[in-house]
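Asker: My questions all concern the structure below.
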Amino acid sequence: MKNTLRLFFYCYLITSFITCKNHQQNFQTSIIPQPVEIRFNKGTFNFNQDTKLICEDKSLDFSAQYAAALWEPIHGYKPDVEQKIGSESKNSIAFRLLENPEMEIGNEGYILEINSEKAVLSANTPAGILYGIQTITQLMDSENIRVLPSCFIKDYPRFAWRGLHLDVSRHFMPLEFMYKLMDYMAMHKLNVFHWHLVDDQGWRLEIKKYPKLTGVGAWRVDMLHLHWNERPLINDTENASYGGFYTQDEIRALVAYADERNITVVPEIEMPAHVMSALAAYPELSCTGENLGVPPGGVWPITHIYCAGKDETFTFLENVLLEVMDLFPSEYIHIGGDEADKTNWRSCTKCQARIKNENLADEDGLQSYFIQRIERFLNEHGRKIIGWDEILEGGLAPNASVMSWRGEQGGIEAAKMGHHVVMTPGSHCYFDHYQGDPAIEPLAIGGNTTLKKVYNYEPIPTELTAEEAKLVLGAQANVWTEYMPTKAHVEYMVFPRLAAMAEVVWSPKETRNWADFSRRMEHQYRRYKRLGINYSQSAFQVSVKPEVNPTNRSLVLSLITEVNDSKIRYTLDGSIPGSNSPMYKRPVEINESATLKVAVFLNGISTNQILERSFDLHKAFATEVELQYPTSTKYDGTGAYSLVDGISGSKHFNDGFWKGFLGDDMIATIRFQKLTDISSIEVDALQNYASWIFLPEKVVFEVSEDGSSFRKLDEIATDIPQDEKGKLIKHYKTTQSAENITAIRVSMKNPGTCPPGHSGEGQKSWLFVSEIIVR
Ligand code: ACM
Ligand code: ZN
């Protein structure tokens with residue numbers, strides 16, 4: 001980040017008496033992120049063909065041209081720009097640098113005054129003008145493009161680091177998409193682009209001294225037909241034809257373009273792990289010297305890493321970093337540091353010699369040595385390092401900043417030690433997570449990070465004192481692209497969640513208001529559409545919260561959407577909800593099997609994010625279930641009645657309907673209120689090899705007449721191998737009947753451990769079960 005940026009970060013803190021007044025009279029704006037202060041006055045300013053953009057300072061030339069270019073597609077003509085110093089003109093929008101800096105708005109804030117004759121946008125810096133232009137654009141792009149409200153807006157960001165990260169290693173993204181992304185970041189008033197240029201599956205930046213990094217390391221075999229985690233570690237039988245990289249000239253041009261938009265590009269050069277692409281080019285830099293090539297998919301654990309015992313590794317990295325520093329003026333260089341598995345370091349004589357000679361405690365100490373040595377080199381060249389929170393292990397480098405991703409703990413710890421931190425916890429900031437129901441979303445890595453969840457993120461952990469909180473530079477959205485092969489898919493995952501993140505990092509905490517954000521988002525979706533962004537409408541999905549009512553033997557279905565005041569229509573007969581279907585007003589109670597379909601209507605039109613769920617109110621529905629071994633608290637389905645709630649899980653283990661047993665069997669006893677005849681019992685189980693979930697070895701069905709002694713009714717062995725890949729659901733059903741019974745017992749034998757050759761070989765396996773159906 002630029003020095004000045006950080007300096008002004010302290011200014012915001014000094015002026016932290018944030019006044020947020022949003023005196024909305026008859027005008028509703030839809031500015032995102034929400035400005036600090038808006039006051040509306042009487043009247044409007046009418047933007048027309050004669051409206052001139054007045055550039056009052058030579059250094060604002062770019063700003064004025066930028067505004068004209070931004071507004072051309074909205075209005076259908078490009079407004080004229082005039083250079084004019086000092087004199088006020090009617091029917092103009094003037095861009096002005098303040099002669100006496102206004103401390104409160106800092107280095108990135110602006111003041112916008114609009115009356116019926118003219119508009120004046122003033123700021124301390126061109127960056128402030130840039131953000132004021134975004135606000136004017138959104139005022140135009142709200143209700144009526146030609147009518148701007150008379151108003152006074154004072155606005156400045158809450159945090160100095162407002163970031164977006166993009167992994168271009170797992171899937172290469174074309175250069176022209178990077179340019180678009182810079183425009184979209186500026187639109188959202190974000191200012192740090194964290195460019196993840198290095199990872200196992202591809203090295204993406206040209207390094208002149210080491211041409212094989214891109215000659216070899218930028219190319220891999222693609223195996224799109226296989227799940228990322230089910231691809232082999234090595235594929236040396238096919239041509240490594242997938243990939244790409246950015247030349248140094250291309251990088252320089254992009255960095256300059258970003259800079260014009262007040263965006264600092266922070267490059268990430270991973271070390272010591274996530275570097276198989278580099279080791280494919282220069283295998284001598286690893287402990288073993290083996291050439292494993294560039295892997296076509298997931299790598300776990302990450303053991304093939306740089307050797308920390310060889311001086312050649314550091315010479316190589318220093319040479320790489322010299323070229324990186326030449327390309328990226330950013331004060332910070334991200335050095336990665338995450339997820340290094342130190343197995344090879346343990347058996348490497350050079351690494352062990354380094355531990356001994358440097359008096360290091362262990363391999364964690366060696367990682368700390370590695371990072372500190374790189375830090376010293378970068379500090380000597382006037383740069384700072386930032387790394388993922390693993391750089392805390394074994395001792396944090398003295399001047400390092402920490403990016404907290406495995407929750408907030410790393411950030412808290414680093415801030416308490418006096419280090420700067422950027423918050424990016426996976427729970428709220430990982431945009432590779434699902435944003436809606438996995439059953440209808442494109443494949444994602446997992447998780448559940450909805451628009452509202454991002455919106456409700458608070459970057460300052462409550463554990464920090466006010467003094468420590470000042471070390472939190474800001475927050476950032478991270479976009480890992482294992483499951484995003486195209487730019488359209490990246491857009492889908494980024495938008496609209498980036499709008500929520502923008503408000504988290506820009507707007508005062510006190511102004512956060514989900515209902516108002518939901519309303520403003522309606523305009524934002526329209527803006528995305530106009531820009532041709534492939535945004536997601538997942539926030540309009542409905543989720544169903546079923547609750548068993550054992551007294552009535554009924555299922556009570558609550559329908560929930562994140563978006564406020566959404567119009568939900570539903571059917572129970574399997575038909576697609578239309579504009580005449582019943583409007584959802586209160587929970588719907590059903591006492592017989594049904595198929596529910598639900599849609600949200602926006603401006604009278606279905607968003608087509610249709611929820612469909614079948615409910616099977618069978619003989620054991622709403623009966624109490626005793627479990628011999630408890631389920632995991634993380635995967636507990638819908639709770640106590642989950643195995644008999646009438647709902648079968650989808651192929652997505654985290655859809656909320658599966659119960660998970662880690663290493664344990666599932667042994668469930670169901671007791672009936674009265675003597676019961678049965679004709680079949682059926683139970684389901686999931687297999688998801690990549691997620692360590694396996695079918696049971698066998699299922700045993702038993703019945704009891706007296707409730708204490710059970711006799712075996714049937715036994716079904718699994719006929720699917722444990723290493724069958726993909727996601728599959730198996731139904732185990734017995735049609736052996738029984739009469740006058742009081743209880744049944746279903747036992748499912750967990751294989752206990754992951755099979756040989758699996759990434760979790762020998763470790764506990766998961767058994768997932770969603771429903772026991774009795775007829
Ligand atoms: C990370 O997600 N491995 C930083
Ligand atoms: Zn080594």
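By convention in this document, the chains of the structure tokens carry letters A, B, ... by their order, each chain's residues are numbered from 1, and ligands are numbered from 1 in the order they are shown.
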Within 7 Å of A:Leu596, counting only C-alpha atoms, which residues show up once you throw out same-chain ones fewer than 4 positions away? Write them as a ChimeraX atom specification, please.
Answerer: /A:570-572,574,612-614
Asker: Go ahead and dump the residues you just picked, all heavy atoms, as an mmCIF file, in the first residue's frame.
Answerer:
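Writing done, so here's out12.cif:
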data_model
loop_
_atom_site.group_PDB
_atom_site.id
_atom_site.type_symbol
_atom_site.label_atom_id
_atom_site.label_comp_id
_atom_site.auth_asym_id
_atom_site.auth_seq_id
_atom_site.Cartn_x
_atom_site.Cartn_y
_atom_site.Cartn_z
ATOM 1 N N TYR A 570 -45.567 -19.914 -3.565
ATOM 2 C CA TYR A 570 -45.242 -21.346 -3.453
ATOM 3 C C TYR A 570 -46.398 -22.204 -3.958
ATOM 4 O O TYR A 570 -47.544 -21.745 -4.074
ATOM 5 C CB TYR A 570 -44.921 -21.710 -1.995
ATOM 6 C CG TYR A 570 -46.100 -21.638 -1.063
ATOM 7 C CD1 TYR A 570 -46.846 -22.791 -0.768
ATOM 8 C CD2 TYR A 570 -46.494 -20.444 -0.474
ATOM 9 C CE1 TYR A 570 -47.941 -22.739 0.079
ATOM 10 C CE2 TYR A 570 -47.581 -20.380 0.372
ATOM 11 C CZ TYR A 570 -48.308 -21.532 0.644
ATOM 12 O OH TYR A 570 -49.391 -21.476 1.479
ATOM 13 N N THR A 571 -46.033 -23.468 -4.259
ATOM 14 C CA THR A 571 -47.063 -24.465 -4.570
ATOM 15 C C THR A 571 -46.727 -25.733 -3.781
ATOM 16 O O THR A 571 -45.581 -25.924 -3.367
ATOM 17 C CB THR A 571 -47.068 -24.829 -6.071
ATOM 18 O OG1 THR A 571 -45.810 -25.425 -6.401
ATOM 19 C CG2 THR A 571 -47.316 -23.633 -6.958
ATOM 20 N N LEU A 572 -47.739 -26.573 -3.575
ATOM 21 C CA LEU A 572 -47.519 -27.857 -2.882
ATOM 22 C C LEU A 572 -47.874 -29.036 -3.782
ATOM 23 O O LEU A 572 -47.863 -30.179 -3.338
ATOM 24 C CB LEU A 572 -48.367 -27.911 -1.598
ATOM 25 C CG LEU A 572 -47.826 -27.052 -0.436
ATOM 26 C CD1 LEU A 572 -48.871 -26.893 0.656
ATOM 27 C CD2 LEU A 572 -46.533 -27.645 0.127
ATOM 28 N N GLY A 574 -46.380 -29.608 -6.850
ATOM 29 C CA GLY A 574 -45.317 -29.919 -7.802
ATOM 30 C C GLY A 574 -45.253 -28.965 -8.982
ATOM 31 O O GLY A 574 -44.322 -29.047 -9.784
ATOM 32 N N GLU A 612 -36.962 -26.454 -4.584
ATOM 33 C CA GLU A 612 -37.873 -27.599 -4.670
ATOM 34 C C GLU A 612 -37.499 -28.575 -3.578
ATOM 35 O O GLU A 612 -36.323 -28.898 -3.398
ATOM 36 C CB GLU A 612 -37.728 -28.263 -6.041
ATOM 37 C CG GLU A 612 -38.611 -29.478 -6.168
ATOM 38 C CD GLU A 612 -38.562 -30.096 -7.560
ATOM 39 O OE1 GLU A 612 -38.095 -29.443 -8.500
ATOM 40 O OE2 GLU A 612 -38.988 -31.247 -7.676
ATOM 41 N N ARG A 613 -38.500 -29.045 -2.866
ATOM 42 C CA ARG A 613 -38.201 -29.959 -1.771
ATOM 43 C C ARG A 613 -39.390 -30.910 -1.598
ATOM 44 O O ARG A 613 -40.529 -30.469 -1.592
ATOM 45 C CB ARG A 613 -37.995 -29.111 -0.519
ATOM 46 C CG ARG A 613 -37.348 -29.738 0.651
ATOM 47 C CD ARG A 613 -35.893 -30.082 0.494
ATOM 48 N NE ARG A 613 -34.967 -28.977 0.510
ATOM 49 C CZ ARG A 613 -33.679 -29.102 0.190
ATOM 50 N NH1 ARG A 613 -33.223 -30.277 -0.204
ATOM 51 N NH2 ARG A 613 -32.876 -28.071 0.244
ATOM 52 N N SER A 614 -39.074 -32.211 -1.513
ATOM 53 C CA SER A 614 -40.175 -33.171 -1.292
ATOM 54 C C SER A 614 -40.173 -33.617 0.159
ATOM 55 O O SER A 614 -39.105 -33.796 0.753
ATOM 56 C CB SER A 614 -39.985 -34.388 -2.194
ATOM 57 O OG SER A 614 -40.230 -33.993 -3.518
#
Asker: Please give me, as an MDAnalysis selection string, the residues lying within 7 Å of ligand 2 when counting only C-alpha atoms and all ligand atoms.
Answerer: chainID A and resid 286:287 307:310 344:345 348:351
Asker: Those same residues - N, CA, C and O atoms - I'd like them written as an mmCIF file, in the first residue's frame.
Answerer:
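Final output, again.cif:
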data_model
loop_
_atom_site.group_PDB
_atom_site.id
_atom_site.type_symbol
_atom_site.label_atom_id
_atom_site.label_comp_id
_atom_site.auth_asym_id
_atom_site.auth_seq_id
_atom_site.Cartn_x
_atom_site.Cartn_y
_atom_site.Cartn_z
ATOM 1 N N SER A 286 13.853 -28.062 -4.650
ATOM 2 C CA SER A 286 13.115 -28.816 -3.630
ATOM 3 C C SER A 286 14.105 -29.647 -2.824
ATOM 4 O O SER A 286 15.279 -29.736 -3.168
ATOM 5 N N CYS A 287 13.625 -30.272 -1.742
ATOM 6 C CA CYS A 287 14.496 -31.108 -0.915
ATOM 7 C C CYS A 287 14.923 -32.357 -1.673
ATOM 8 O O CYS A 287 16.066 -32.780 -1.597
ATOM 9 N N CYS A 307 13.244 -26.183 -0.688
ATOM 10 C CA CYS A 307 14.173 -26.626 0.348
ATOM 11 C C CYS A 307 14.683 -25.382 1.079
ATOM 12 O O CYS A 307 15.173 -24.443 0.461
ATOM 13 N N ALA A 308 14.542 -25.413 2.400
ATOM 14 C CA ALA A 308 14.980 -24.259 3.196
ATOM 15 C C ALA A 308 16.440 -24.390 3.596
ATOM 16 O O ALA A 308 17.005 -23.486 4.214
ATOM 17 N N GLY A 309 17.034 -25.532 3.254
ATOM 18 C CA GLY A 309 18.435 -25.743 3.621
ATOM 19 C C GLY A 309 19.397 -25.286 2.539
ATOM 20 O O GLY A 309 20.566 -25.010 2.805
ATOM 21 N N LYS A 310 18.902 -25.183 1.307
ATOM 22 C CA LYS A 310 19.786 -24.824 0.189
ATOM 23 C C LYS A 310 19.856 -23.310 0.027
ATOM 24 O O LYS A 310 18.808 -22.649 -0.094
ATOM 25 N N ASN A 344 9.001 -33.188 4.093
ATOM 26 C CA ASN A 344 10.280 -33.319 3.380
ATOM 27 C C ASN A 344 11.415 -32.613 4.111
ATOM 28 O O ASN A 344 12.564 -33.050 4.047
ATOM 29 N N TRP A 345 11.104 -31.535 4.788
ATOM 30 C CA TRP A 345 12.135 -30.832 5.563
ATOM 31 C C TRP A 345 12.674 -31.736 6.680
ATOM 32 O O TRP A 345 13.837 -31.655 7.041
ATOM 33 N N CYS A 348 15.282 -34.089 5.157
ATOM 34 C CA CYS A 348 16.281 -33.489 4.254
ATOM 35 C C CYS A 348 17.520 -33.106 5.070
ATOM 36 O O CYS A 348 17.413 -32.357 6.055
ATOM 37 N N THR A 349 18.675 -33.620 4.662
ATOM 38 C CA THR A 349 19.892 -33.335 5.440
ATOM 39 C C THR A 349 20.203 -31.836 5.421
ATOM 40 O O THR A 349 20.633 -31.273 6.430
ATOM 41 N N LYS A 350 19.954 -31.188 4.298
ATOM 42 C CA LYS A 350 20.262 -29.746 4.210
ATOM 43 C C LYS A 350 19.352 -28.933 5.136
ATOM 44 O O LYS A 350 19.784 -28.008 5.804
ATOM 45 N N CYS A 351 18.053 -29.294 5.145
ATOM 46 C CA CYS A 351 17.113 -28.577 6.025
ATOM 47 C C CYS A 351 17.478 -28.826 7.491
ATOM 48 O O CYS A 351 17.454 -27.911 8.318
#
Asker: What's around A:Gly202 at 9 Å? Count only C-alpha atoms, leave out sequence neighbours fewer than 5 positions away in its own chain, and write the answer as number ranges by chain.
Answerer: A: 168-172, 197, 213-214, 217-220, 243-245, 275-278, 294-295
Asker: Can you tell me, as a VMD selection string, what residues are no more than 7 Å from stretch 480-493 of chain A when counting only C-alpha atoms, ignoring any on the same chain fewer than 3 positions away?
Answerer: chain A and resid 166 to 167 170 to 171 173 228 431 to 432 443 to 445 533 to 536
Asker: Write the residues of the preceding selection, restricted to all heavy atoms, as a compact mmCIF listing (two decimals), in the first residue's frame.
Answerer:
# COMPACT_ATOMS: atom_id res chain seq x y z
N LEU A 166 -7.51 -12.32 -6.10
CA LEU A 166 -7.90 -13.26 -7.16
C LEU A 166 -6.76 -14.22 -7.44
O LEU A 166 -5.62 -13.81 -7.70
CB LEU A 166 -8.30 -12.52 -8.44
CG LEU A 166 -8.74 -13.46 -9.59
CD1 LEU A 166 -10.05 -14.16 -9.27
CD2 LEU A 166 -8.86 -12.70 -10.91
N ASP A 167 -7.10 -15.50 -7.40
CA ASP A 167 -6.16 -16.58 -7.72
C ASP A 167 -6.24 -16.82 -9.23
O ASP A 167 -7.28 -17.24 -9.75
CB ASP A 167 -6.64 -17.80 -6.91
CG ASP A 167 -6.08 -19.13 -7.40
OD1 ASP A 167 -5.13 -19.13 -8.17
OD2 ASP A 167 -6.64 -20.17 -6.98
N ARG A 170 -4.87 -21.36 -10.30
CA ARG A 170 -5.68 -22.57 -10.47
C ARG A 170 -6.40 -22.53 -11.81
O ARG A 170 -6.47 -23.51 -12.53
CB ARG A 170 -6.67 -22.69 -9.31
CG ARG A 170 -6.12 -23.41 -8.11
CD ARG A 170 -4.83 -22.79 -7.57
NE ARG A 170 -4.33 -23.45 -6.39
CZ ARG A 170 -4.69 -23.13 -5.15
NH1 ARG A 170 -5.50 -22.12 -4.91
NH2 ARG A 170 -4.20 -23.80 -4.12
N HIS A 171 -6.94 -21.37 -12.11
CA HIS A 171 -7.44 -21.14 -13.47
C HIS A 171 -6.93 -19.78 -13.94
O HIS A 171 -7.08 -18.79 -13.23
CB HIS A 171 -8.97 -21.24 -13.55
CG HIS A 171 -9.44 -22.66 -13.53
ND1 HIS A 171 -9.96 -23.27 -12.41
CD2 HIS A 171 -9.42 -23.62 -14.50
CE1 HIS A 171 -10.25 -24.54 -12.70
NE2 HIS A 171 -9.94 -24.78 -13.95
N MET A 173 -6.77 -16.37 -15.82
CA MET A 173 -7.79 -15.41 -16.24
C MET A 173 -7.18 -14.44 -17.25
O MET A 173 -6.09 -13.91 -17.01
CB MET A 173 -8.32 -14.64 -15.03
CG MET A 173 -9.05 -15.53 -14.03
SD MET A 173 -10.58 -16.21 -14.75
CE MET A 173 -10.71 -17.76 -13.85
N TRP A 228 -11.81 -31.44 -8.85
CA TRP A 228 -10.48 -30.91 -8.57
C TRP A 228 -9.67 -31.84 -7.64
O TRP A 228 -8.50 -32.12 -7.88
CB TRP A 228 -10.62 -29.53 -7.94
CG TRP A 228 -9.34 -28.81 -7.68
CD1 TRP A 228 -8.67 -28.70 -6.50
CD2 TRP A 228 -8.53 -28.10 -8.65
NE1 TRP A 228 -7.52 -27.97 -6.65
CE2 TRP A 228 -7.41 -27.58 -7.95
CE3 TRP A 228 -8.65 -27.84 -10.02
CZ2 TRP A 228 -6.42 -26.83 -8.58
CZ3 TRP A 228 -7.66 -27.10 -10.64
CH2 TRP A 228 -6.57 -26.60 -9.93
N PHE A 431 -14.90 -15.94 -1.14
CA PHE A 431 -15.95 -15.92 -2.17
C PHE A 431 -15.89 -17.16 -3.06
O PHE A 431 -16.60 -17.25 -4.06
CB PHE A 431 -15.84 -14.64 -3.01
CG PHE A 431 -16.30 -13.38 -2.30
CD1 PHE A 431 -16.65 -13.39 -0.95
CD2 PHE A 431 -16.39 -12.18 -2.99
CE1 PHE A 431 -17.06 -12.23 -0.30
CE2 PHE A 431 -16.82 -11.02 -2.35
CZ PHE A 431 -17.14 -11.05 -1.01
N ASP A 432 -15.06 -18.13 -2.70
CA ASP A 432 -15.15 -19.42 -3.38
C ASP A 432 -16.15 -20.32 -2.67
O ASP A 432 -16.45 -21.41 -3.15
CB ASP A 432 -13.78 -20.12 -3.49
CG ASP A 432 -13.08 -20.32 -2.15
OD1 ASP A 432 -13.43 -19.63 -1.18
OD2 ASP A 432 -12.19 -21.19 -2.09
N LEU A 443 -20.96 -25.92 -8.83
CA LEU A 443 -20.03 -26.54 -7.88
C LEU A 443 -19.09 -25.50 -7.26
O LEU A 443 -18.50 -24.69 -7.95
CB LEU A 443 -19.21 -27.61 -8.61
CG LEU A 443 -18.18 -28.34 -7.74
CD1 LEU A 443 -18.86 -29.23 -6.72
CD2 LEU A 443 -17.22 -29.14 -8.61
N ALA A 444 -18.99 -25.57 -5.93
CA ALA A 444 -18.06 -24.69 -5.21
C ALA A 444 -17.29 -25.53 -4.21
O ALA A 444 -17.54 -26.73 -4.07
CB ALA A 444 -18.82 -23.56 -4.53
N ILE A 445 -16.36 -24.89 -3.53
CA ILE A 445 -15.48 -25.67 -2.65
C ILE A 445 -16.22 -26.16 -1.41
O ILE A 445 -15.85 -27.16 -0.81
CB ILE A 445 -14.23 -24.84 -2.27
CG1 ILE A 445 -13.14 -25.73 -1.67
CG2 ILE A 445 -14.56 -23.71 -1.33
CD1 ILE A 445 -11.78 -25.10 -1.62
N ILE A 533 -22.13 -7.67 -16.33
CA ILE A 533 -21.53 -8.55 -15.32
C ILE A 533 -22.43 -9.76 -15.10
O ILE A 533 -23.65 -9.62 -14.97
CB ILE A 533 -21.34 -7.78 -13.98
CG1 ILE A 533 -20.34 -6.63 -14.17
CG2 ILE A 533 -20.91 -8.71 -12.86
CD1 ILE A 533 -20.19 -5.73 -12.96
N ASN A 534 -21.82 -10.91 -15.03
CA ASN A 534 -22.57 -12.15 -14.81
C ASN A 534 -22.80 -12.34 -13.30
O ASN A 534 -22.21 -13.21 -12.67
CB ASN A 534 -21.78 -13.33 -15.38
CG ASN A 534 -22.53 -14.64 -15.21
OD1 ASN A 534 -23.75 -14.69 -15.35
ND2 ASN A 534 -21.81 -15.70 -14.87
N TYR A 535 -23.68 -11.51 -12.73
CA TYR A 535 -23.87 -11.53 -11.27
C TYR A 535 -24.82 -12.65 -10.86
O TYR A 535 -25.60 -13.15 -11.66
CB TYR A 535 -24.41 -10.18 -10.78
CG TYR A 535 -25.75 -9.81 -11.37
CD1 TYR A 535 -26.93 -10.09 -10.70
CD2 TYR A 535 -25.83 -9.18 -12.60
CE1 TYR A 535 -28.15 -9.76 -11.24
CE2 TYR A 535 -27.05 -8.85 -13.15
CZ TYR A 535 -28.21 -9.15 -12.47
OH TYR A 535 -29.42 -8.83 -13.00
N SER A 536 -24.72 -13.00 -9.60
CA SER A 536 -25.57 -14.06 -9.06
C SER A 536 -26.84 -13.46 -8.45
O SER A 536 -26.81 -12.37 -7.88
CB SER A 536 -24.79 -14.80 -7.97
OG SER A 536 -25.67 -15.42 -7.08
Asker: Counting only C-alpha atoms, what is within 6 Å of stretch 672-683 of chain A, bar same-chain residues fewer than 2 positions away, as a ChimeraX atom specification?
Answerer: /A:731-735,737-743,771-775
Asker: For chain A against ligand 1, with a cut-off of 12 Å and counting only C-alpha atoms and all ligand atoms, what is the closest atom pair and its distance in Å to one decimal for every residue that makes the cut, ordered by chain and number, as JSON lines?
Answerer:
{"residue": "A:His165", "atom": "CA", "partner": "ligand 1", "partner_atom_place_in_ligand_line": "4 (C)", "distance": 10.4}
{"residue": "A:Leu166", "atom": "CA", "partner": "ligand 1", "partner_atom_place_in_ligand_line": "2 (O)", "distance": 11.2}
{"residue": "A:Asp167", "atom": "CA", "partner": "ligand 1", "partner_atom_place_in_ligand_line": "2 (O)", "distance": 10.1}
{"residue": "A:His194", "atom": "CA", "partner": "ligand 1", "partner_atom_place_in_ligand_line": "4 (C)", "distance": 11.9}
{"residue": "A:His196", "atom": "CA", "partner": "ligand 1", "partner_atom_place_in_ligand_line": "4 (C)", "distance": 10.0}
{"residue": "A:Asp199", "atom": "CA", "partner": "ligand 1", "partner_atom_place_in_ligand_line": "3 (N)", "distance": 10.0}
{"residue": "A:Asp200", "atom": "CA", "partner": "ligand 1", "partner_atom_place_in_ligand_line": "3 (N)", "distance": 11.6}
{"residue": "A:Glu268", "atom": "CA", "partner": "ligand 1", "partner_atom_place_in_ligand_line": "4 (C)", "distance": 10.8}
{"residue": "A:Glu270", "atom": "CA", "partner": "ligand 1", "partner_atom_place_in_ligand_line": "4 (C)", "distance": 10.0}
{"residue": "A:Met271", "atom": "CA", "partner": "ligand 1", "partner_atom_place_in_ligand_line": "3 (N)", "distance": 11.7}
{"residue": "A:Ala273", "atom": "CA", "partner": "ligand 1", "partner_atom_place_in_ligand_line": "3 (N)", "distance": 10.2}
{"residue": "A:His274", "atom": "CA", "partner": "ligand 1", "partner_atom_place_in_ligand_line": "3 (N)", "distance": 8.9}
{"residue": "A:Val299", "atom": "CA", "partner": "ligand 1", "partner_atom_place_in_ligand_line": "3 (N)", "distance": 11.9}
{"residue": "A:Trp300", "atom": "CA", "partner": "ligand 1", "partner_atom_place_in_ligand_line": "3 (N)", "distance": 11.7}
{"residue": "A:Pro301", "atom": "CA", "partner": "ligand 1", "partner_atom_place_in_ligand_line": "3 (N)", "distance": 12.0}
{"residue": "A:Ile302", "atom": "CA", "partner": "ligand 1", "partner_atom_place_in_ligand_line": "3 (N)", "distance": 11.0}
{"residue": "A:His334", "atom": "CA", "partner": "ligand 1", "partner_atom_place_in_ligand_line": "4 (C)", "distance": 11.1}
{"residue": "A:Ile335", "atom": "CA", "partner": "ligand 1", "partner_atom_place_in_ligand_line": "4 (C)", "distance": 11.0}
{"residue": "A:Gly336", "atom": "CA", "partner": "ligand 1", "partner_atom_place_in_ligand_line": "4 (C)", "distance": 7.4}
{"residue": "A:Gly337", "atom": "CA", "partner": "ligand 1", "partner_atom_place_in_ligand_line": "4 (C)", "distance": 8.3}
{"residue": "A:Asp338", "atom": "CA", "partner": "ligand 1", "partner_atom_place_in_ligand_line": "3 (N)", "distance": 5.5}
{"residue": "A:Glu339", "atom": "CA", "partner": "ligand 1", "partner_atom_place_in_ligand_line": "3 (N)", "distance": 6.3}
{"residue": "A:Ala340", "atom": "CA", "partner": "ligand 1", "partner_atom_place_in_ligand_line": "3 (N)", "distance": 9.7}
{"residue": "A:Ile386", "atom": "CA", "partner": "ligand 1", "partner_atom_place_in_ligand_line": "4 (C)", "distance": 11.8}
{"residue": "A:Gly387", "atom": "CA", "partner": "ligand 1", "partner_atom_place_in_ligand_line": "4 (C)", "distance": 8.7}
{"residue": "A:Trp388", "atom": "CA", "partner": "ligand 1", "partner_atom_place_in_ligand_line": "4 (C)", "distance": 5.7}
{"residue": "A:Asp389", "atom": "CA", "partner": "ligand 1", "partner_atom_place_in_ligand_line": "4 (C)", "distance": 8.0}
{"residue": "A:Glu390", "atom": "CA", "partner": "ligand 1", "partner_atom_place_in_ligand_line": "4 (C)", "distance": 8.8}
{"residue": "A:Ile391", "atom": "CA", "partner": "ligand 1", "partner_atom_place_in_ligand_line": "4 (C)", "distance": 11.0}
{"residue": "A:Val402", "atom": "CA", "partner": "ligand 1", "partner_atom_place_in_ligand_line": "4 (C)", "distance": 11.0}
{"residue": "A:Met403", "atom": "CA", "partner": "ligand 1", "partner_atom_place_in_ligand_line": "4 (C)", "distance": 8.3}
{"residue": "A:Ser404", "atom": "CA", "partner": "ligand 1", "partner_atom_place_in_ligand_line": "4 (C)", "distance": 8.4}
{"residue": "A:Trp405", "atom": "CA", "partner": "ligand 1", "partner_atom_place_in_ligand_line": "4 (C)", "distance": 6.0}
{"residue": "A:Arg406", "atom": "CA", "partner": "ligand 1", "partner_atom_place_in_ligand_line": "2 (O)", "distance": 7.7}
{"residue": "A:Gly407", "atom": "CA", "partner": "ligand 1", "partner_atom_place_in_ligand_line": "2 (O)", "distance": 10.6}
{"residue": "A:Gly410", "atom": "CA", "partner": "ligand 1", "partner_atom_place_in_ligand_line": "4 (C)", "distance": 11.9}
{"residue": "A:Met423", "atom": "CA", "partner": "ligand 1", "partner_atom_place_in_ligand_line": "4 (C)", "distance": 11.6}
{"residue": "A:Thr424", "atom": "CA", "partner": "ligand 1", "partner_atom_place_in_ligand_line": "4 (C)", "distance": 9.0}
{"residue": "A:Pro425", "atom": "CA", "partner": "ligand 1", "partner_atom_place_in_ligand_line": "2 (O)", "distance": 9.1}
{"residue": "A:Gly426", "atom": "CA", "partner": "ligand 1", "partner_atom_place_in_ligand_line": "2 (O)", "distance": 7.5}
{"residue": "A:Ser427", "atom": "CA", "partner": "ligand 1", "partner_atom_place_in_ligand_line": "2 (O)", "distance": 11.2}
{"residue": "A:Cys429", "atom": "CA", "partner": "ligand 1", "partner_atom_place_in_ligand_line": "2 (O)", "distance": 10.4}
{"residue": "A:Tyr430", "atom": "CA", "partner": "ligand 1", "partner_atom_place_in_ligand_line": "2 (O)", "distance": 8.2}
{"residue": "A:Phe431", "atom": "CA", "partner": "ligand 1", "partner_atom_place_in_ligand_line": "2 (O)", "distance": 10.9}
{"residue": "A:Asp432", "atom": "CA", "partner": "ligand 1", "partner_atom_place_in_ligand_line": "2 (O)", "distance": 9.9}
{"residue": "A:His433", "atom": "CA", "partner": "ligand 1", "partner_atom_place_in_ligand_line": "2 (O)", "distance": 11.4}
{"residue": "A:Ile445", "atom": "CA", "partner": "ligand 1", "partner_atom_place_in_ligand_line": "2 (O)", "distance": 11.4}
{"residue": "A:Gln476", "atom": "CA", "partner": "ligand 1", "partner_atom_place_in_ligand_line": "4 (C)", "distance": 12.0}
{"residue": "A:Ala477", "atom": "CA", "partner": "ligand 1", "partner_atom_place_in_ligand_line": "2 (O)", "distance": 11.1}
{"residue": "A:Asn478", "atom": "CA", "partner": "ligand 1", "partner_atom_place_in_ligand_line": "2 (O)", "distance": 8.0}
{"residue": "A:Val479", "atom": "CA", "partner": "ligand 1", "partner_atom_place_in_ligand_line": "2 (O)", "distance": 9.1}
{"residue": "A:Trp480", "atom": "CA", "partner": "ligand 1", "partner_atom_place_in_ligand_line": "2 (O)", "distance": 7.6}
{"residue": "A:Thr481", "atom": "CA", "partner": "ligand 1", "partner_atom_place_in_ligand_line": "2 (O)", "distance": 11.0}
{"residue": "A:Glu482", "atom": "CA", "partner": "ligand 1", "partner_atom_place_in_ligand_line": "2 (O)", "distance": 11.4}
